[in-house]
>>> print(open('start-v8.pdb').read())   # PDB, C-alpha atoms, pLDDT in the B column
MODEL        1
ATOM      1  CA  ALA A   1       9.720   9.525  -3.620  1.00 94.00           C
ATOM      2  CA  GLN A   2      13.472   9.173  -4.053  1.00 92.00           C
ATOM      3  CA  ASP A   3      13.632   6.857  -1.032  1.00 93.00           C
ATOM      4  CA  VAL A   4      10.990   4.671  -2.672  1.00 94.00           C
ATOM      5  CA  LEU A   5      12.880   4.601  -5.977  1.00 92.00           C
ATOM      6  CA  ASP A   6      16.077   3.686  -4.132  1.00 93.00           C
ATOM      7  CA  ALA A   7      14.313   0.949  -2.156  1.00 93.00           C
ATOM      8  CA  LEU A   8      12.776  -0.483  -5.319  1.00 92.00           C
ATOM      9  CA  GLY A   9      16.247  -0.618  -6.822  1.00 92.00           C
ATOM     10  CA  ARG A  10      17.270  -2.742  -3.844  1.00 94.00           C
ATOM     11  CA  GLY A  11      14.321  -5.125  -4.326  1.00 94.00           C
ATOM     12  CA  ALA A  12      11.736  -3.732  -1.904  1.00 96.00           C
ATOM     13  CA  ALA A  13       8.138  -4.812  -2.399  1.00 97.00           C
ATOM     14  CA  LEU A  14       5.303  -2.301  -2.663  1.00 98.00           C
ATOM     15  CA  VAL A  15       1.890  -2.852  -1.089  1.00 98.00           C
ATOM     16  CA  ASP A  16      -0.871  -0.557  -2.353  1.00 98.00           C
ATOM     17  CA  ALA A  17      -3.513  -0.232   0.390  1.00 98.00           C
ATOM     18  CA  ARG A  18      -6.172   1.384  -1.795  1.00 98.00           C
ATOM     19  CA  ALA A  19      -9.391  -0.088  -3.132  1.00 98.00           C
ATOM     20  CA  PRO A  20      -8.975  -2.108  -6.345  1.00 98.00           C
ATOM     21  CA  SER A  21     -10.658   0.621  -8.427  1.00 98.00           C
ATOM     22  CA  PHE A  22      -7.902   3.079  -7.485  1.00 98.00           C
ATOM     23  CA  PHE A  23      -5.169   0.495  -8.043  1.00 98.00           C
ATOM     24  CA  ALA A  24      -6.583  -0.300 -11.493  1.00 98.00           C
ATOM     25  CA  GLY A  25      -6.808   3.370 -12.410  1.00 97.00           C
ATOM     26  CA  TYR A  26     -10.588   3.606 -12.736  1.00 97.00           C
ATOM     27  CA  ASP A  27     -10.738   6.002  -9.776  1.00 97.00           C
ATOM     28  CA  LYS A  28      -8.260   8.654  -8.684  1.00 96.00           C
ATOM     29  CA  ALA A  29      -7.912  10.749  -5.549  1.00 96.00           C
ATOM     30  CA  ALA A  30      -8.208  14.470  -6.213  1.00 96.00           C
ATOM     31  CA  GLU A  31      -4.701  15.027  -4.842  1.00 95.00           C
ATOM     32  CA  ALA A  32      -3.049  12.551  -7.226  1.00 97.00           C
ATOM     33  CA  LEU A  33      -2.255  13.854 -10.693  1.00 96.00           C
ATOM     34  CA  ARG A  34      -2.538  10.492 -12.480  1.00 96.00           C
ATOM     35  CA  PRO A  35      -4.623   7.358 -11.908  1.00 97.00           C
ATOM     36  CA  GLY A  36      -3.172   3.890 -11.408  1.00 98.00           C
ATOM     37  CA  HIS A  37      -0.430   2.454  -9.221  1.00 97.00           C
ATOM     38  CA  ILE A  38       3.327   2.318  -8.873  1.00 97.00           C
ATOM     39  CA  PRO A  39       4.572  -0.463 -11.184  1.00 95.00           C
ATOM     40  CA  GLY A  40       5.180  -3.787  -9.471  1.00 95.00           C
ATOM     41  CA  ALA A  41       2.908  -3.052  -6.508  1.00 97.00           C
ATOM     42  CA  LEU A  42       0.674  -5.670  -4.925  1.00 98.00           C
ATOM     43  CA  ASN A  43      -2.866  -4.467  -4.213  1.00 98.00           C
ATOM     44  CA  LEU A  44      -4.016  -5.290  -0.691  1.00 98.00           C
ATOM     45  CA  ASP A  45      -6.989  -3.102   0.203  1.00 98.00           C
ATOM     46  CA  TYR A  46      -6.575  -2.045   3.829  1.00 98.00           C
ATOM     47  CA  VAL A  47     -10.250  -2.723   4.641  1.00 97.00           C
ATOM     48  CA  LEU A  48      -9.626  -6.456   4.239  1.00 98.00           C
ATOM     49  CA  ALA A  49      -7.590  -6.486   7.464  1.00 98.00           C
ATOM     50  CA  TYR A  50     -10.485  -5.148   9.496  1.00 97.00           C
ATOM     51  CA  ASP A  51     -13.526  -7.111  10.688  1.00 96.00           C
ATOM     52  CA  ALA A  52     -16.271  -4.477  10.644  1.00 95.00           C
ATOM     53  CA  ALA A  53     -18.825  -6.725  12.349  1.00 96.00           C
ATOM     54  CA  ARG A  54     -16.521  -7.201  15.348  1.00 96.00           C
ATOM     55  CA  GLN A  55     -14.970  -3.710  15.065  1.00 96.00           C
ATOM     56  CA  ARG A  56     -11.415  -4.967  15.313  1.00 97.00           C
ATOM     57  CA  LEU A  57      -8.585  -6.371  13.247  1.00 98.00           C
ATOM     58  CA  ARG A  58      -9.096  -9.852  11.899  1.00 98.00           C
ATOM     59  CA  PRO A  59      -7.580 -12.710  13.927  1.00 97.00           C
ATOM     60  CA  ARG A  60      -3.865 -13.394  13.495  1.00 97.00           C
ATOM     61  CA  GLY A  61      -4.421 -16.503  11.355  1.00 97.00           C
ATOM     62  CA  GLU A  62      -6.612 -14.586   8.925  1.00 98.00           C
ATOM     63  CA  LEU A  63      -4.061 -11.770   8.730  1.00 98.00           C
ATOM     64  CA  ASP A  64      -1.284 -14.300   8.063  1.00 98.00           C
ATOM     65  CA  ALA A  65      -3.303 -15.671   5.139  1.00 98.00           C
ATOM     66  CA  LEU A  66      -4.318 -12.238   3.860  1.00 98.00           C
ATOM     67  CA  PHE A  67      -0.733 -10.944   3.797  1.00 98.00           C
ATOM     68  CA  ALA A  68       0.853 -14.223   2.653  1.00 98.00           C
ATOM     69  CA  ASP A  69       1.525 -12.916  -0.867  1.00 97.00           C
ATOM     70  CA  VAL A  70       3.637 -10.012   0.396  1.00 98.00           C
ATOM     71  CA  PRO A  71       7.216 -11.038  -0.386  1.00 96.00           C
ATOM     72  CA  GLN A  72       9.723 -11.407   2.421  1.00 95.00           C
ATOM     73  CA  GLY A  73      12.256  -8.621   2.745  1.00 96.00           C
ATOM     74  CA  PRO A  74      11.776  -4.865   2.676  1.00 97.00           C
ATOM     75  CA  VAL A  75       8.202  -3.653   2.128  1.00 98.00           C
ATOM     76  CA  ILE A  76       6.766  -0.187   1.519  1.00 98.00           C
ATOM     77  CA  SER A  77       3.079   0.415   2.193  1.00 98.00           C
ATOM     78  CA  TYR A  78       1.374   3.268   0.316  1.00 98.00           C
ATOM     79  CA  CYS A  79      -2.071   4.595  -0.634  1.00 98.00           C
ATOM     80  CA  ASN A  80      -3.172   8.079  -1.780  1.00 97.00           C
ATOM     81  CA  THR A  81      -1.841  10.189   1.093  1.00 96.00           C
ATOM     82  CA  GLY A  82      -0.350   7.695   3.560  1.00 95.00           C
ATOM     83  CA  HIS A  83      -3.352   7.488   5.871  1.00 95.00           C
ATOM     84  CA  THR A  84      -4.908   4.151   4.942  1.00 96.00           C
ATOM     85  CA  ALA A  85      -1.527   2.597   4.176  1.00 98.00           C
ATOM     86  CA  ALA A  86      -0.802   2.967   7.877  1.00 98.00           C
ATOM     87  CA  LEU A  87      -3.123   0.047   8.646  1.00 98.00           C
ATOM     88  CA  ASN A  88      -1.213  -2.295   6.313  1.00 98.00           C
ATOM     89  CA  TRP A  89       2.038  -1.004   7.807  1.00 98.00           C
ATOM     90  CA  PHE A  90       0.696  -1.702  11.304  1.00 98.00           C
ATOM     91  CA  VAL A  91      -0.420  -5.242  10.459  1.00 98.00           C
ATOM     92  CA  LEU A  92       2.817  -6.142   8.679  1.00 98.00           C
ATOM     93  CA  SER A  93       5.157  -4.524  11.191  1.00 98.00           C
ATOM     94  CA  GLU A  94       3.442  -4.663  14.563  1.00 98.00           C
ATOM     95  CA  VAL A  95       1.104  -7.665  14.290  1.00 98.00           C
ATOM     96  CA  LEU A  96       2.970  -9.974  11.912  1.00 98.00           C
ATOM     97  CA  GLY A  97       6.402  -8.843  13.106  1.00 98.00           C
ATOM     98  CA  ARG A  98       7.924  -8.136   9.713  1.00 97.00           C
ATOM     99  CA  PRO A  99      11.199  -6.295  10.440  1.00 95.00           C
ATOM    100  CA  ASP A 100      11.647  -4.011   7.416  1.00 95.00           C
ATOM    101  CA  VAL A 101       8.280  -2.406   6.672  1.00 98.00           C
ATOM    102  CA  ARG A 102       8.037   1.282   5.876  1.00 97.00           C
ATOM    103  CA  LEU A 103       5.229   3.725   5.159  1.00 98.00           C
ATOM    104  CA  TYR A 104       5.395   6.024   2.133  1.00 98.00           C
ATOM    105  CA  ASP A 105       3.720   9.032   3.702  1.00 95.00           C
ATOM    106  CA  GLY A 106       3.415  10.990   0.442  1.00 96.00           C
ATOM    107  CA  SER A 107       2.030   7.969  -1.424  1.00 98.00           C
ATOM    108  CA  MET A 108       0.364   8.527  -4.818  1.00 98.00           C
ATOM    109  CA  THR A 109      -0.139  12.242  -4.119  1.00 97.00           C
ATOM    110  CA  ASP A 110       3.629  12.702  -3.924  1.00 97.00           C
ATOM    111  CA  TRP A 111       4.559  10.048  -6.484  1.00 97.00           C
ATOM    112  CA  THR A 112       2.441  11.544  -9.276  1.00 97.00           C
ATOM    113  CA  GLN A 113       3.804  15.088  -8.875  1.00 96.00           C
ATOM    114  CA  ASP A 114       6.718  14.185 -11.156  1.00 96.00           C
ATOM    115  CA  PRO A 115       5.556  12.989 -14.603  1.00 96.00           C
ATOM    116  CA  ALA A 116       8.835  11.064 -14.989  1.00 95.00           C
ATOM    117  CA  ARG A 117       7.851   8.642 -12.210  1.00 96.00           C
ATOM    118  CA  PRO A 118       6.111   5.623 -13.711  1.00 95.00           C
ATOM    119  CA  VAL A 119       2.460   4.880 -13.061  1.00 97.00           C
ATOM    120  CA  THR A 120       0.639   1.807 -14.361  1.00 96.00           C
ATOM    121  CA  SER A 121      -3.074   1.272 -14.836  1.00 93.00           C
ATOM    122  CA  LEU A 122      -4.921  -1.920 -15.714  1.00 88.00           C
ATOM    123  CA  PHE A 123      -6.899  -0.483 -18.622  1.00 77.00           C
TER
ENDMDL
END
>>> encode(input="start-v8.pdb", output="C-alpha cells")
Amino acid sequence: AQDVLDALGRGAALVDARAPSFFAGYDKAAEALRPGHIPGALNLDYVLAYDAARQRLRPRGELDALFADVPQGPVISYCNTGHTAALNWFVLSEVLGRPDVRLYDGSMTDWTQDPARPVTSLF
C-alpha cells in the first residue's frame, strides 16, 4: 500500500480491473473492508480484454482502443486481491508494451485494511 501511495504522489495512474459494480461501491469482495475504489482510478473491467466467443484476448487493435484512456507513464493495475488485475497488467505490459506497469498484489483487500487510506464510491 505504501508503494502505491508513493507512486500516486509521483503521478502514477491507477487502473481498477473489477466490474463496474465493485468500482462504484455497490458490491464489495468479502476480503475488502470497504466498498468503492482508490480515488483517481480508471475502471477498466478485465473481462473486456477477453473475447469469450473465441477464447482468447481481443485483437491488438481492439486492445489499443480499449486501453487508450490509460494515461502514459507509470500505471498500477489492481482489483480485489490482485488476481484479475493481472490480465490488465499483462495486456498493458506484455501486449501493448507499456514500460512502467505494475501490479498491486494486495489490491483492495490490502488497501482497505487501514481506514486512513482513502476510498471513493459513486453513490
>>> resolve_selection(input="start-v8.pdb", expression="the PyMOL selection byres ((chain A and resi 64-75) around 8)", output="PDB file with C-alpha atoms, keeping the file's coordinate frame")
ATOM      1  CA  ALA A   7      14.313   0.949  -2.156  1.00 93.00           C
ATOM      2  CA  GLY A  11      14.321  -5.125  -4.326  1.00 94.00           C
ATOM      3  CA  ALA A  12      11.736  -3.732  -1.904  1.00 96.00           C
ATOM      4  CA  ALA A  13       8.138  -4.812  -2.399  1.00 97.00           C
ATOM      5  CA  LEU A  14       5.303  -2.301  -2.663  1.00 98.00           C
ATOM      6  CA  VAL A  15       1.890  -2.852  -1.089  1.00 98.00           C
ATOM      7  CA  LEU A  42       0.674  -5.670  -4.925  1.00 98.00           C
ATOM      8  CA  LEU A  44      -4.016  -5.290  -0.691  1.00 98.00           C
ATOM      9  CA  LEU A  48      -9.626  -6.456   4.239  1.00 98.00           C
ATOM     10  CA  ALA A  49      -7.590  -6.486   7.464  1.00 98.00           C
ATOM     11  CA  ARG A  60      -3.865 -13.394  13.495  1.00 97.00           C
ATOM     12  CA  GLY A  61      -4.421 -16.503  11.355  1.00 97.00           C
ATOM     13  CA  GLU A  62      -6.612 -14.586   8.925  1.00 98.00           C
ATOM     14  CA  LEU A  63      -4.061 -11.770   8.730  1.00 98.00           C
ATOM     15  CA  ILE A  76       6.766  -0.187   1.519  1.00 98.00           C
ATOM     16  CA  SER A  77       3.079   0.415   2.193  1.00 98.00           C
ATOM     17  CA  LEU A  92       2.817  -6.142   8.679  1.00 98.00           C
ATOM     18  CA  LEU A  96       2.970  -9.974  11.912  1.00 98.00           C
ATOM     19  CA  PRO A  99      11.199  -6.295  10.440  1.00 95.00           C
ATOM     20  CA  ASP A 100      11.647  -4.011   7.416  1.00 95.00           C
ATOM     21  CA  VAL A 101       8.280  -2.406   6.672  1.00 98.00           C
ATOM     22  CA  ARG A 102       8.037   1.282   5.876  1.00 97.00           C
TER      23      ARG A 102
END
>>> residues_around(input="start-v8.pdb", residues="Ala29 of chain A", least_positions_apart="4", cutoff="10 Å", atoms="all atoms listed in the file", output="MDAnalysis selection string")
chainID A and resid 22 33:35 79:81 108:109
>>> atom_distance(input="start-v8.pdb", atom1="atom CA of Ala17 of chain A", atom2="atom CA of Ala85 of chain A")
5.1 Å
>>> atom_distance(input="start-v8.pdb", atom1="atom CA of Phe23 of chain A", atom2="atom CA of Thr120 of chain A")
8.7 Å
>>> closest_residue(input="start-v8.pdb", among="A:Phe123, A:Tyr78, A:Tyr26, A:Phe90", to="Asn43 of chain A", atoms="all atoms listed in the file")
A:Tyr78
>>> atom_distance(input="start-v8.pdb", atom1="atom CA of Asp114 of chain A", atom2="atom CA of Leu5 of chain A")
12.5 Å
>>> closest_residue(input="start-v8.pdb", among="A:Tyr46, A:Gln2, A:His37, A:Arg54", to="His83 of chain A", atoms="all atoms listed in the file")
A:Tyr46
>>> closest_residue(input="start-v8.pdb", among="A:Ile38, A:Val47, A:Ala52, A:Gly82", to="Gly25 of chain A", atoms="all atoms listed in the file")
A:Ile38
>>> closest_residue(input="start-v8.pdb", among="A:Ala41, A:Ala53, A:Val4, A:Val95", to="Asp16 of chain A", atoms="all atoms listed in the file")
A:Ala41
>>> decode(input="start-v8.pdb", residues="segment 53-79 of chain A", atoms="N, CA and C atoms", output="PDB file, in the first residue's frame")
ATOM      1  N   ALA A  53     -16.086 -15.662 -26.966  1.00  0.00           N
ATOM      2  CA  ALA A  53     -16.519 -16.495 -28.087  1.00  0.00           C
ATOM      3  C   ALA A  53     -15.322 -17.183 -28.755  1.00  0.00           C
ATOM      4  N   ARG A  54     -14.211 -16.465 -28.841  1.00  0.00           N
ATOM      5  CA  ARG A  54     -13.010 -17.029 -29.476  1.00  0.00           C
ATOM      6  C   ARG A  54     -12.039 -17.621 -28.469  1.00  0.00           C
ATOM      7  N   GLN A  55     -12.329 -17.449 -27.186  1.00  0.00           N
ATOM      8  CA  GLN A  55     -11.499 -17.937 -26.076  1.00  0.00           C
ATOM      9  C   GLN A  55     -10.051 -17.478 -26.189  1.00  0.00           C
ATOM     10  N   ARG A  56      -9.901 -16.171 -26.355  1.00  0.00           N
ATOM     11  CA  ARG A  56      -8.568 -15.580 -26.440  1.00  0.00           C
ATOM     12  C   ARG A  56      -8.673 -14.076 -26.200  1.00  0.00           C
ATOM     13  N   LEU A  57      -7.531 -13.446 -26.038  1.00  0.00           N
ATOM     14  CA  LEU A  57      -7.532 -11.987 -25.920  1.00  0.00           C
ATOM     15  C   LEU A  57      -8.070 -11.369 -27.199  1.00  0.00           C
ATOM     16  N   ARG A  58      -8.613 -10.194 -27.069  1.00  0.00           N
ATOM     17  CA  ARG A  58      -9.087  -9.469 -28.251  1.00  0.00           C
ATOM     18  C   ARG A  58      -7.890  -9.129 -29.138  1.00  0.00           C
ATOM     19  N   PRO A  59      -8.124  -8.860 -30.414  1.00  0.00           N
ATOM     20  CA  PRO A  59      -7.031  -8.475 -31.310  1.00  0.00           C
ATOM     21  C   PRO A  59      -6.342  -7.191 -30.844  1.00  0.00           C
ATOM     22  N   ARG A  60      -5.100  -7.030 -31.245  1.00  0.00           N
ATOM     23  CA  ARG A  60      -4.280  -5.896 -30.816  1.00  0.00           C
ATOM     24  C   ARG A  60      -4.977  -4.560 -31.040  1.00  0.00           C
ATOM     25  N   GLY A  61      -5.589  -4.350 -32.182  1.00  0.00           N
ATOM     26  CA  GLY A  61      -6.269  -3.079 -32.448  1.00  0.00           C
ATOM     27  C   GLY A  61      -7.386  -2.795 -31.468  1.00  0.00           C
ATOM     28  N   GLU A  62      -8.133  -3.819 -31.103  1.00  0.00           N
ATOM     29  CA  GLU A  62      -9.210  -3.646 -30.122  1.00  0.00           C
ATOM     30  C   GLU A  62      -8.642  -3.345 -28.741  1.00  0.00           C
ATOM     31  N   LEU A  63      -7.535  -3.998 -28.390  1.00  0.00           N
ATOM     32  CA  LEU A  63      -6.900  -3.727 -27.100  1.00  0.00           C
ATOM     33  C   LEU A  63      -6.333  -2.316 -27.054  1.00  0.00           C
ATOM     34  N   ASP A  64      -5.741  -1.868 -28.164  1.00  0.00           N
ATOM     35  CA  ASP A  64      -5.258  -0.476 -28.237  1.00  0.00           C
ATOM     36  C   ASP A  64      -6.393   0.496 -27.933  1.00  0.00           C
ATOM     37  N   ALA A  65      -7.540   0.277 -28.556  1.00  0.00           N
ATOM     38  CA  ALA A  65      -8.696   1.159 -28.358  1.00  0.00           C
ATOM     39  C   ALA A  65      -9.234   1.054 -26.934  1.00  0.00           C
ATOM     40  N   LEU A  66      -9.324  -0.155 -26.420  1.00  0.00           N
ATOM     41  CA  LEU A  66      -9.861  -0.384 -25.085  1.00  0.00           C
ATOM     42  C   LEU A  66      -9.020   0.290 -24.010  1.00  0.00           C
ATOM     43  N   PHE A  67      -7.701   0.253 -24.165  1.00  0.00           N
ATOM     44  CA  PHE A  67      -6.793   0.808 -23.161  1.00  0.00           C
ATOM     45  C   PHE A  67      -6.317   2.223 -23.503  1.00  0.00           C
ATOM     46  N   ALA A  68      -6.918   2.842 -24.495  1.00  0.00           N
ATOM     47  CA  ALA A  68      -6.482   4.166 -24.951  1.00  0.00           C
ATOM     48  C   ALA A  68      -6.599   5.249 -23.880  1.00  0.00           C
ATOM     49  N   ASP A  69      -7.543   5.112 -22.962  1.00  0.00           N
ATOM     50  CA  ASP A  69      -7.731   6.132 -21.931  1.00  0.00           C
ATOM     51  C   ASP A  69      -6.755   6.012 -20.762  1.00  0.00           C
ATOM     52  N   VAL A  70      -5.955   4.964 -20.739  1.00  0.00           N
ATOM     53  CA  VAL A  70      -4.966   4.811 -19.672  1.00  0.00           C
ATOM     54  C   VAL A  70      -3.827   5.785 -19.965  1.00  0.00           C
ATOM     55  N   PRO A  71      -3.590   6.727 -19.059  1.00  0.00           N
ATOM     56  CA  PRO A  71      -2.560   7.736 -19.318  1.00  0.00           C
ATOM     57  C   PRO A  71      -1.177   7.112 -19.527  1.00  0.00           C
ATOM     58  N   GLN A  72      -0.363   7.792 -20.302  1.00  0.00           N
ATOM     59  CA  GLN A  72       1.022   7.376 -20.475  1.00  0.00           C
ATOM     60  C   GLN A  72       1.758   7.586 -19.159  1.00  0.00           C
ATOM     61  N   GLY A  73       2.834   6.864 -18.979  1.00  0.00           N
ATOM     62  CA  GLY A  73       3.602   6.957 -17.743  1.00  0.00           C
ATOM     63  C   GLY A  73       3.328   5.762 -16.852  1.00  0.00           C
ATOM     64  N   PRO A  74       3.756   5.837 -15.604  1.00  0.00           N
ATOM     65  CA  PRO A  74       3.584   4.715 -14.692  1.00  0.00           C
ATOM     66  C   PRO A  74       2.110   4.370 -14.468  1.00  0.00           C
ATOM     67  N   VAL A  75       1.828   3.071 -14.416  1.00  0.00           N
ATOM     68  CA  VAL A  75       0.466   2.571 -14.219  1.00  0.00           C
ATOM     69  C   VAL A  75       0.507   1.457 -13.186  1.00  0.00           C
ATOM     70  N   ILE A  76      -0.502   1.435 -12.320  1.00  0.00           N
ATOM     71  CA  ILE A  76      -0.671   0.348 -11.353  1.00  0.00           C
ATOM     72  C   ILE A  76      -2.033  -0.273 -11.592  1.00  0.00           C
ATOM     73  N   SER A  77      -2.037  -1.580 -11.838  1.00  0.00           N
ATOM     74  CA  SER A  77      -3.273  -2.330 -12.031  1.00  0.00           C
ATOM     75  C   SER A  77      -3.656  -2.992 -10.709  1.00  0.00           C
ATOM     76  N   TYR A  78      -4.946  -2.882 -10.323  1.00  0.00           N
ATOM     77  CA  TYR A  78      -5.403  -3.520  -9.095  1.00  0.00           C
ATOM     78  C   TYR A  78      -6.821  -4.032  -9.258  1.00  0.00           C
ATOM     79  N   CYS A  79      -7.257  -4.858  -8.312  1.00  0.00           N
ATOM     80  CA  CYS A  79      -8.624  -5.393  -8.293  1.00  0.00           C
ATOM     81  C   CYS A  79      -8.992  -5.615  -6.822  1.00  0.00           C
TER      82      CYS A  79
END
